[in-house]
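Heads up, input.cif below (mmCIF, C-alpha atoms (C1' of nucleotides)):
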```
data_query
loop_
_atom_site.label_atom_id
_atom_site.label_comp_id
_atom_site.auth_asym_id
_atom_site.auth_seq_id
_atom_site.Cartn_x
_atom_site.Cartn_y
_atom_site.Cartn_z
CA MET A 1 -15.60 19.19 4.34
CA ARG A 2 -12.83 20.35 6.66
CA ILE A 3 -9.24 20.16 5.36
CA ALA A 4 -6.12 21.07 7.33
CA THR A 5 -2.37 21.18 6.90
CA TRP A 6 0.11 20.83 9.74
CA ASN A 7 3.88 20.56 9.92
CA VAL A 8 4.07 18.43 13.08
CA ASN A 9 7.90 18.36 13.37
CA SER A 10 8.13 14.62 14.22
CA MET A 11 5.10 12.34 14.20
CA ARG A 12 6.50 10.24 17.03
CA ALA A 13 7.22 13.16 19.33
CA ARG A 14 3.82 14.66 18.47
CA ALA A 15 1.67 11.49 18.50
CA ASP A 16 -0.36 12.49 21.58
CA ARG A 17 -0.78 16.06 20.39
CA VAL A 18 -1.93 14.96 16.93
CA GLU A 19 -4.36 12.42 18.38
CA ALA A 20 -5.87 15.01 20.72
CA TRP A 21 -6.20 17.44 17.83
CA LEU A 22 -7.90 14.84 15.62
CA GLU A 23 -10.40 14.24 18.40
CA LYS A 24 -11.30 17.88 18.90
CA SER A 25 -10.77 19.50 15.49
CA ASP A 26 -13.51 17.72 13.49
CA VAL A 27 -11.07 17.60 10.56
CA ASP A 28 -11.94 15.35 7.60
CA VAL A 29 -8.57 15.42 5.84
CA LEU A 30 -5.22 16.29 7.41
CA ALA A 31 -2.09 16.89 5.34
CA ILE A 32 0.98 16.34 7.53
CA GLN A 33 4.58 17.39 6.97
CA GLU A 34 7.87 16.55 8.69
CA THR A 35 6.85 13.19 10.10
CA LYS A 36 10.61 12.57 10.58
CA CYS A 37 10.25 8.80 10.39
CA LYS A 38 10.00 5.82 8.08
CA ASP A 39 6.92 3.64 7.67
CA ASP A 40 8.34 1.13 10.20
CA ASN A 41 8.05 3.54 13.12
CA PHE A 42 5.12 5.68 11.98
CA PRO A 43 2.41 5.69 14.69
CA TRP A 44 -0.37 4.28 12.49
CA GLU A 45 -2.64 3.64 15.50
CA VAL A 46 -3.03 7.37 16.18
CA PHE A 47 -5.11 7.56 13.01
CA GLU A 48 -6.66 4.11 12.94
CA HIS A 49 -8.07 4.49 16.47
CA ASN A 50 -9.85 7.62 15.33
CA GLY A 51 -11.36 6.30 12.11
CA TYR A 52 -8.89 7.80 9.65
CA ASP A 53 -7.22 6.13 6.70
CA VAL A 54 -3.64 7.28 6.50
CA ALA A 55 -0.96 7.16 3.80
CA HIS A 56 2.63 7.95 4.78
CA PHE A 57 5.80 8.54 2.79
CA GLY A 58 9.13 8.69 4.63
CA PHE A 59 12.56 7.11 4.24
CA SER A 60 14.44 8.33 7.31
CA GLN A 61 14.55 10.87 10.11
CA TRP A 62 14.36 13.65 7.54
CA ASN A 63 11.28 15.11 5.84
CA GLY A 64 8.33 12.70 5.60
CA VAL A 65 4.76 13.56 4.58
CA ALA A 66 1.37 11.96 5.14
CA ILE A 67 -2.35 12.34 4.43
CA ALA A 68 -5.05 11.19 6.84
CA SER A 69 -8.70 11.07 5.77
CA ARG A 70 -12.00 9.96 7.25
CA VAL A 71 -13.86 10.60 3.98
CA GLY A 72 -12.05 7.97 1.91
CA MET A 73 -8.74 7.92 0.09
CA SER A 74 -7.72 6.68 -3.35
CA ASP A 75 -4.98 7.04 -5.98
CA VAL A 76 -2.17 7.67 -3.50
CA GLU A 77 0.91 9.05 -5.26
CA ARG A 78 4.36 9.47 -3.71
CA THR A 79 6.51 12.29 -5.17
CA PHE A 80 5.21 14.26 -8.11
CA GLN A 81 6.34 13.46 -11.62
CA ASN A 82 9.90 14.67 -12.34
CA GLN A 83 10.31 15.89 -8.76
CA PRO A 84 13.89 17.23 -8.67
CA PRO A 85 16.31 15.15 -6.60
CA PHE A 86 18.85 16.48 -4.10
CA GLY A 87 22.30 15.27 -3.14
CA LYS A 88 24.46 17.47 -0.98
CA GLY A 89 28.09 17.98 -1.97
CA GLY A 90 28.28 15.41 -4.73
CA LYS A 91 26.31 12.68 -2.95
CA ASP A 92 24.00 10.70 -5.20
CA PRO A 93 20.92 12.88 -5.76
CA VAL A 94 17.68 11.27 -4.55
CA GLN A 95 14.03 12.24 -4.67
CA GLU A 96 13.19 13.15 -1.08
CA ALA A 97 9.97 12.34 0.83
CA ARG A 98 8.39 15.76 0.40
CA ALA A 99 5.17 15.17 -1.55
CA ILE A 100 2.26 12.76 -1.25
CA GLY A 101 -1.05 13.07 -3.08
CA ALA A 102 -4.41 11.38 -2.61
CA THR A 103 -8.01 11.85 -3.70
CA CYS A 104 -10.38 12.31 -0.77
CA ASP A 105 -14.10 12.77 -1.41
CA GLY A 106 -13.46 14.05 -4.92
CA VAL A 107 -10.66 16.46 -4.00
CA ARG A 108 -7.08 15.81 -5.10
CA ILE A 109 -4.99 16.76 -2.09
CA TRP A 110 -1.22 17.13 -1.99
CA SER A 111 0.73 17.28 1.26
CA LEU A 112 3.89 19.24 0.44
CA TYR A 113 7.07 19.95 2.34
CA VAL A 114 8.91 22.50 0.21
CA PRO A 115 12.71 22.46 0.63
CA ASN A 116 13.95 25.06 3.11
CA GLY A 117 16.75 26.66 1.09
CA ARG A 118 19.02 27.01 4.16
CA THR A 119 20.84 30.16 3.03
CA ARG A 120 20.52 32.48 0.05
CA GLU A 121 23.66 31.06 -1.57
CA ASP A 122 23.25 27.40 -0.62
CA GLU A 123 22.79 24.69 -3.25
CA HIS A 124 19.63 23.86 -1.29
CA MET A 125 18.18 27.20 -2.47
CA VAL A 126 18.77 26.20 -6.09
CA TYR A 127 17.02 22.91 -5.27
CA LYS A 128 14.11 24.74 -3.60
CA LEU A 129 13.47 26.91 -6.64
CA ALA A 130 13.77 23.99 -9.09
CA TRP A 131 11.42 21.92 -6.93
CA LEU A 132 8.82 24.68 -6.89
CA ARG A 133 9.13 25.31 -10.61
CA GLN A 134 8.57 21.64 -11.41
CA LEU A 135 5.59 21.40 -9.07
CA ARG A 136 4.08 24.55 -10.53
CA GLU A 137 4.41 23.25 -14.07
CA HIS A 138 2.50 20.14 -13.07
CA ALA A 139 -0.11 22.06 -11.13
CA GLN A 140 -0.60 24.21 -14.20
CA SER A 141 -0.97 21.19 -16.49
CA TRP A 142 -3.55 19.56 -14.18
CA LEU A 143 -5.72 22.65 -14.55
CA ALA A 144 -5.10 22.84 -18.30
CA ASP A 145 -6.30 19.23 -18.59
CA ASP A 146 -9.40 19.93 -16.50
CA PRO A 147 -10.27 23.50 -15.51
CA GLN A 148 -12.94 22.09 -13.16
CA ALA A 149 -10.47 19.88 -11.27
CA GLN A 150 -10.71 20.05 -7.50
CA ILE A 151 -7.12 20.34 -6.30
CA VAL A 152 -5.62 21.45 -2.98
CA LEU A 153 -1.89 22.13 -2.64
CA ALA A 154 -1.38 22.07 1.11
CA GLY A 155 1.73 22.24 3.20
CA ASP A 156 4.79 23.99 4.51
CA TRP A 157 5.88 26.19 1.62
CA ASN A 158 8.86 27.72 3.43
CA ILE A 159 8.06 31.05 1.77
CA ALA A 160 6.64 34.23 3.28
CA PRO A 161 4.96 35.71 0.18
CA GLN A 162 4.61 39.29 1.45
CA ASP A 163 6.51 41.61 3.79
CA GLU A 164 3.68 41.39 6.34
CA ASP A 165 4.09 37.60 6.48
CA VAL A 166 7.18 37.91 8.69
CA TRP A 167 7.48 39.72 11.99
CA ASP A 168 10.12 42.14 10.68
CA ASN A 169 10.99 42.07 7.00
CA GLU A 170 13.91 44.44 7.55
CA PHE A 171 15.43 41.98 10.01
CA PHE A 172 15.24 39.26 7.38
CA GLU A 173 16.85 41.51 4.78
CA LYS A 174 19.56 42.79 7.09
CA ASN A 175 20.51 39.26 8.04
CA GLN A 176 20.26 37.94 4.47
CA MET A 177 17.71 35.34 5.55
CA THR A 178 15.73 33.04 3.27
CA HIS A 179 11.92 32.74 2.78
CA VAL A 180 11.57 36.42 1.81
CA THR A 181 13.75 36.74 -1.32
CA GLU A 182 12.32 37.80 -4.65
CA PRO A 183 13.03 34.46 -6.40
CA GLU A 184 11.16 32.59 -3.64
CA ARG A 185 8.24 35.01 -3.65
CA SER A 186 8.11 34.93 -7.41
CA ALA A 187 8.01 31.11 -7.36
CA PHE A 188 5.02 31.28 -5.00
CA ARG A 189 3.28 33.99 -7.05
CA GLU A 190 3.47 31.76 -10.13
CA PHE A 191 1.07 29.32 -8.45
CA LEU A 192 -1.41 32.16 -8.00
CA GLU A 193 -0.92 33.24 -11.60
CA ALA A 194 -1.56 29.63 -12.64
CA GLY A 195 -5.03 29.91 -11.10
CA TYR A 196 -4.57 28.70 -7.53
CA THR A 197 -5.88 30.73 -4.59
CA ASP A 198 -4.63 31.15 -1.04
CA MET A 199 -7.84 29.98 0.63
CA VAL A 200 -6.92 31.20 4.12
CA ARG A 201 -5.76 34.79 3.71
CA PRO A 202 -9.24 36.35 3.20
CA HIS A 203 -10.32 34.79 6.50
CA ALA A 204 -7.11 35.51 8.42
CA GLU A 205 -5.79 38.87 7.34
CA GLY A 206 -2.48 40.29 8.52
CA PRO A 207 -0.31 41.84 9.59
CA GLY A 208 0.70 39.77 12.59
CA VAL A 209 -1.02 36.58 11.41
CA TYR A 210 1.40 33.67 11.33
CA THR A 211 1.57 29.88 11.09
CA TYR A 212 5.13 29.28 12.34
CA TRP A 213 7.23 30.55 15.23
CA ASP A 214 10.89 29.53 15.54
CA TYR A 215 11.75 27.59 18.69
CA THR A 216 15.02 29.50 18.89
CA SER A 217 14.92 32.95 20.40
CA LEU A 218 11.51 32.09 21.86
CA ARG A 219 9.79 33.66 18.88
CA PHE A 220 6.30 32.55 19.91
CA GLN A 221 6.55 34.21 23.29
CA LYS A 222 7.70 37.37 21.51
CA ARG A 223 4.88 37.14 18.93
CA GLN A 224 7.49 37.00 16.17
CA GLY A 225 6.22 34.53 13.59
CA MET A 226 6.05 33.79 9.90
CA ARG A 227 3.19 32.84 7.60
CA ILE A 228 4.66 29.99 5.55
CA ASP A 229 1.98 27.26 5.64
CA PHE A 230 -0.69 27.51 2.96
CA LEU A 231 -3.59 25.71 1.35
CA LEU A 232 -3.85 26.73 -2.29
CA GLY A 233 -7.06 25.75 -4.05
CA SER A 234 -7.92 25.33 -7.71
CA PRO A 235 -10.87 27.51 -8.83
CA ALA A 236 -13.42 24.71 -8.28
CA VAL A 237 -12.24 24.27 -4.69
CA ALA A 238 -11.62 27.92 -3.90
CA GLN A 239 -15.25 28.77 -4.68
CA ARG A 240 -16.34 26.27 -2.02
CA VAL A 241 -14.50 27.97 0.86
CA GLU A 242 -16.82 28.95 3.71
CA ASN A 243 -14.28 29.66 6.43
CA ALA A 244 -10.62 29.29 7.29
CA PHE A 245 -8.40 29.81 10.32
CA ILE A 246 -5.02 29.18 11.90
CA ASP A 247 -5.26 27.16 15.11
CA LYS A 248 -2.68 29.20 17.00
CA ASP A 249 -3.61 27.62 20.35
CA GLU A 250 -1.90 24.45 19.15
CA ARG A 251 1.45 26.28 19.20
CA ARG A 252 1.08 26.89 22.96
CA GLY A 253 2.39 24.85 25.84
CA LYS A 254 4.87 22.06 26.36
CA GLY A 255 5.46 19.71 23.46
CA ALA A 256 4.04 21.94 20.71
CA SER A 257 5.22 21.78 17.11
CA ASP A 258 6.80 25.00 15.88
CA HIS A 259 3.95 25.19 13.31
CA ALA A 260 0.21 25.61 13.96
CA PRO A 261 -2.45 23.70 11.99
CA VAL A 262 -4.11 25.70 9.20
CA VAL A 263 -7.75 24.81 8.52
CA VAL A 264 -10.16 25.39 5.61
CA ASP A 265 -13.89 24.61 5.56
CA LEU A 266 -15.42 23.75 2.18
CA ALA A 267 -19.11 23.70 1.39
"C1'" DA B 1 22.96 38.25 30.12
"C1'" DT B 2 25.34 40.08 23.16
"C1'" DG B 3 22.42 34.14 24.37
"C1'" DG B 4 18.23 32.06 24.29
"C1'" DT B 5 15.06 25.60 21.21
"C1'" DG B 6 13.92 21.20 19.73
"C1'" DG B 7 14.09 16.71 17.22
"C1'" DC B 8 16.32 13.37 15.30
"C1'" DT B 9 20.79 10.83 15.51
"C1'" DC B 10 26.88 7.28 13.66
"C1'" DT B 11 26.70 14.08 19.84
"C1'" DG B 12 26.49 16.67 14.11
"C1'" DC B 13 22.78 18.12 11.30
"C1'" DC B 14 18.64 20.14 10.29
"C1'" DA B 15 15.04 23.48 10.96
#
```

Would you mind writing the structure in this file as structure tokens?
Amino acid sequence: MRIATWNVNSMRARADRVEAWLEKSDVDVLAIQETKCKDDNFPWEVFEHNGYDVAHFGFSQWNGVAIASRVGMSDVERTFQNQPPFGKGGKDPVQEARAIGATCDGVRIWSLYVPNGRTREDEHMVYKLAWLRQLREHAQSWLADDPQAQIVLAGDWNIAPQDEDVWDNEFFEKNQMTHVTEPERSAFREFLEAGYTDMVRPHAEGPGVYTYWDYTSLRFQKRQGMRIDFLLGSPAVAQRVENAFIDKDERRGKGASDHAPVVVDLA
DNA sequence: ATGGTGGCTCTGCCA
């Protein structure tokens, strides 16, 4: 069973790219982030033409997550329980379209778009950490309920867990940038401590191994990336991993997303 | 050359 996660940065702008990748990648389940659309203008046919069921969750041009599967899909869930809401500057807080879950061939898969944080002092950073804490508490309880549960937490985590996961950690510190701070890294580590495993790292060791390259400053051309997209597996899934890789070729050329797909093969 | 991109959209905001 091949599972992948991909922040496509607009499903409409990327429809042709995603369709071509579905045709060549042999992926069974694809977790998608940043669809940047609502159901009304989601390109359903991209998936239907290729034999995939797809569930989408999006309200607007912001965020948006989806799961596509050609091995069946049941128990679709939009937002996780008690997912913290966000409302900038006193606006009514709302639960954003950042999490969708589905069971595909016995594996509970979540497509997650973790809040960015924006700056170290921004209220969005407080939101990011609360969001992660709430998700982690649930992820922990799912395993407490059933230690044999097959769970994959896949998505854009907007965290670089180690210094080697960014092209120059000193640059990030000097410029007070997000994704590398101790509270963010600690929030990520708590998922590992709860029993989840980064299923890709053993098959794609750093340094210099990334999943995202900023459009600005032509970071891809300069080989200056970040590893921020992860598939974390519960013990029952992690023991099934046969191979994993980052499809960096997909970041090349005109019309690429700023993220590459990340792929895991399970026995 | 002290900037560089891209995708939405109430051409500003978000990443």

Using all atoms listed in the file, which residues of chain A come within 12 Å of chain B, and what is the closest atom pair for each, with the distance in Å to one decimal? Give it as JSON lines, sorted by chain and residue number.
```
{"residue": "A:Asn7", "atom": "CA", "partner": "B:DA15", "partner_atom": "C1'", "distance": 11.6}
{"residue": "A:Val8", "atom": "CA", "partner": "B:DG7", "partner_atom": "C1'", "distance": 11.0}
{"residue": "A:Asn9", "atom": "CA", "partner": "B:DG7", "partner_atom": "C1'", "distance": 7.5}
{"residue": "A:Ser10", "atom": "CA", "partner": "B:DG7", "partner_atom": "C1'", "distance": 7.0}
{"residue": "A:Met11", "atom": "CA", "partner": "B:DG7", "partner_atom": "C1'", "distance": 10.4}
{"residue": "A:Arg12", "atom": "CA", "partner": "B:DG7", "partner_atom": "C1'", "distance": 10.0}
{"residue": "A:Ala13", "atom": "CA", "partner": "B:DG7", "partner_atom": "C1'", "distance": 8.0}
{"residue": "A:Arg14", "atom": "CA", "partner": "B:DG7", "partner_atom": "C1'", "distance": 10.5}
{"residue": "A:Glu34", "atom": "CA", "partner": "B:DA15", "partner_atom": "C1'", "distance": 10.2}
{"residue": "A:Thr35", "atom": "CA", "partner": "B:DG7", "partner_atom": "C1'", "distance": 10.7}
{"residue": "A:Lys36", "atom": "CA", "partner": "B:DC8", "partner_atom": "C1'", "distance": 7.5}
{"residue": "A:Cys37", "atom": "CA", "partner": "B:DC8", "partner_atom": "C1'", "distance": 9.0}
{"residue": "A:Ser60", "atom": "CA", "partner": "B:DC8", "partner_atom": "C1'", "distance": 9.6}
{"residue": "A:Gln61", "atom": "CA", "partner": "B:DC8", "partner_atom": "C1'", "distance": 6.0}
{"residue": "A:Trp62", "atom": "CA", "partner": "B:DC8", "partner_atom": "C1'", "distance": 8.0}
{"residue": "A:Asn63", "atom": "CA", "partner": "B:DC14", "partner_atom": "C1'", "distance": 10.0}
{"residue": "A:Pro115", "atom": "CA", "partner": "B:DA15", "partner_atom": "C1'", "distance": 10.6}
{"residue": "A:Asn116", "atom": "CA", "partner": "B:DA15", "partner_atom": "C1'", "distance": 8.1}
{"residue": "A:Gly117", "atom": "CA", "partner": "B:DA15", "partner_atom": "C1'", "distance": 10.5}
{"residue": "A:Arg118", "atom": "CA", "partner": "B:DA15", "partner_atom": "C1'", "distance": 8.6}
{"residue": "A:Thr119", "atom": "CA", "partner": "B:DA15", "partner_atom": "C1'", "distance": 11.9}
{"residue": "A:Asn158", "atom": "CA", "partner": "B:DA15", "partner_atom": "C1'", "distance": 10.6}
{"residue": "A:Tyr212", "atom": "CA", "partner": "B:DA15", "partner_atom": "C1'", "distance": 11.6}
{"residue": "A:Trp213", "atom": "CA", "partner": "B:DT5", "partner_atom": "C1'", "distance": 11.0}
{"residue": "A:Asp214", "atom": "CA", "partner": "B:DT5", "partner_atom": "C1'", "distance": 8.1}
{"residue": "A:Tyr215", "atom": "CA", "partner": "B:DT5", "partner_atom": "C1'", "distance": 4.6}
{"residue": "A:Thr216", "atom": "CA", "partner": "B:DT5", "partner_atom": "C1'", "distance": 4.5}
{"residue": "A:Ser217", "atom": "CA", "partner": "B:DG4", "partner_atom": "C1'", "distance": 5.2}
{"residue": "A:Leu218", "atom": "CA", "partner": "B:DG4", "partner_atom": "C1'", "distance": 7.1}
{"residue": "A:Arg219", "atom": "CA", "partner": "B:DT5", "partner_atom": "C1'", "distance": 9.9}
{"residue": "A:Phe220", "atom": "CA", "partner": "B:DT5", "partner_atom": "C1'", "distance": 11.3}
{"residue": "A:Gln221", "atom": "CA", "partner": "B:DG4", "partner_atom": "C1'", "distance": 11.9}
{"residue": "A:Lys254", "atom": "CA", "partner": "B:DG6", "partner_atom": "C1'", "distance": 11.3}
{"residue": "A:Gly255", "atom": "CA", "partner": "B:DG6", "partner_atom": "C1'", "distance": 9.4}
{"residue": "A:Ala256", "atom": "CA", "partner": "B:DG6", "partner_atom": "C1'", "distance": 10.0}
{"residue": "A:Ser257", "atom": "CA", "partner": "B:DG6", "partner_atom": "C1'", "distance": 9.1}
{"residue": "A:Asp258", "atom": "CA", "partner": "B:DG6", "partner_atom": "C1'", "distance": 8.9}
{"residue": "A:His259", "atom": "CA", "partner": "B:DA15", "partner_atom": "C1'", "distance": 11.5}
```

Applied to the shown file, which residues does the PyMOL selection byres ((chain A and resi 172) around 12) return, written as a PyMOL selection string? chain A and resi 119-120+160+163-171+173-181+224-226

Name the residues that the PyMOL selection byres ((chain A and resi 65-79) around 6) picks from the file above, as a list in words, using the file's chain letters and numbers. Asp28, Val29, Leu30, Ala31, Ile32, Gln33, Glu34, Thr35, Tyr52, Asp53, Val54, Ala55, His56, Phe57, Gly64, Phe80, Arg98, Ala99, Ile100, Gly101, Ala102, Thr103, Cys104 and Asp105 of chain A

List the residues selected by the PyMOL selection byres ((chain A and resi 157) around 10) in the file shown, writing them as a PDB file with C-alpha atoms, keeping the file's coordinate frame.
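In the end it all went to expr_2.pdb:
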```pdb
ATOM      1  CA  LEU A 112       3.890  19.240   0.440  1.00  0.00           C
ATOM      2  CA  TYR A 113       7.070  19.950   2.340  1.00  0.00           C
ATOM      3  CA  VAL A 114       8.910  22.500   0.210  1.00  0.00           C
ATOM      4  CA  PRO A 115      12.710  22.460   0.630  1.00  0.00           C
ATOM      5  CA  ASN A 116      13.950  25.060   3.110  1.00  0.00           C
ATOM      6  CA  LYS A 128      14.110  24.740  -3.600  1.00  0.00           C
ATOM      7  CA  LEU A 132       8.820  24.680  -6.890  1.00  0.00           C
ATOM      8  CA  LEU A 153      -1.890  22.130  -2.640  1.00  0.00           C
ATOM      9  CA  ALA A 154      -1.380  22.070   1.110  1.00  0.00           C
ATOM     10  CA  GLY A 155       1.730  22.240   3.200  1.00  0.00           C
ATOM     11  CA  ASP A 156       4.790  23.990   4.510  1.00  0.00           C
ATOM     12  CA  ASN A 158       8.860  27.720   3.430  1.00  0.00           C
ATOM     13  CA  ILE A 159       8.060  31.050   1.770  1.00  0.00           C
ATOM     14  CA  ALA A 160       6.640  34.230   3.280  1.00  0.00           C
ATOM     15  CA  PRO A 161       4.960  35.710   0.180  1.00  0.00           C
ATOM     16  CA  HIS A 179      11.920  32.740   2.780  1.00  0.00           C
ATOM     17  CA  GLU A 184      11.160  32.590  -3.640  1.00  0.00           C
ATOM     18  CA  PHE A 188       5.020  31.280  -5.000  1.00  0.00           C
ATOM     19  CA  ARG A 227       3.190  32.840   7.600  1.00  0.00           C
ATOM     20  CA  ILE A 228       4.660  29.990   5.550  1.00  0.00           C
ATOM     21  CA  ASP A 229       1.980  27.260   5.640  1.00  0.00           C
ATOM     22  CA  PHE A 230      -0.690  27.510   2.960  1.00  0.00           C
ATOM     23  CA  LEU A 231      -3.590  25.710   1.350  1.00  0.00           C
TER      24      LEU A 231
END
```

Please report the interatomic distance between atom CA of A:Lys91 and atom CA of A:Phe59 in Å with one decimal.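 Atom CA of A:Lys91 sits 16.5 Å away from atom CA of A:Phe59.
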
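Atom CA of A:Arg223 to atom CA of A:Gly208 spans 8.0 Å [interatomic distance, one decimal].
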
Computed interatomic separation between atom CA of A:His138 and atom CA of A:Ala4 (Å):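 So the answer is 22.2 Å.
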
Excluding A:Tyr127 and residues on its chain fewer than 4 positions from it, collect all residues at most 8 Å away from it, counting all atoms listed in the file, and give them as a PyMOL selection string. chain A and resi 84-86+115+117+123+131

To test the calculation: enclose all listed atoms of stretch 77-86 of chain A in a box whose edges run along x, y and z, add 4 Å on each side, then state centre and edge lengths in Å to one decimal, as JSON.
```
{"center_x": 9.9, "center_y": 13.1, "center_z": -8.0, "size_x": 25.9, "size_y": 16.2, "size_z": 16.6}
```

Neighbouring residues of A:Leu22 were defined as those with any atom within 10 Å, considering all atoms listed in the file; residues of the same chain fewer than 2 positions away were excluded. Please report them as a list in words. Asp16, Arg17, Val18, Glu19, Ala20, Lys24, Ser25, Asp26, Val27, Asp28, Val29, Leu30, Val46, Phe47, Asn50, Gly51, Tyr52 and Ala68 of chain A
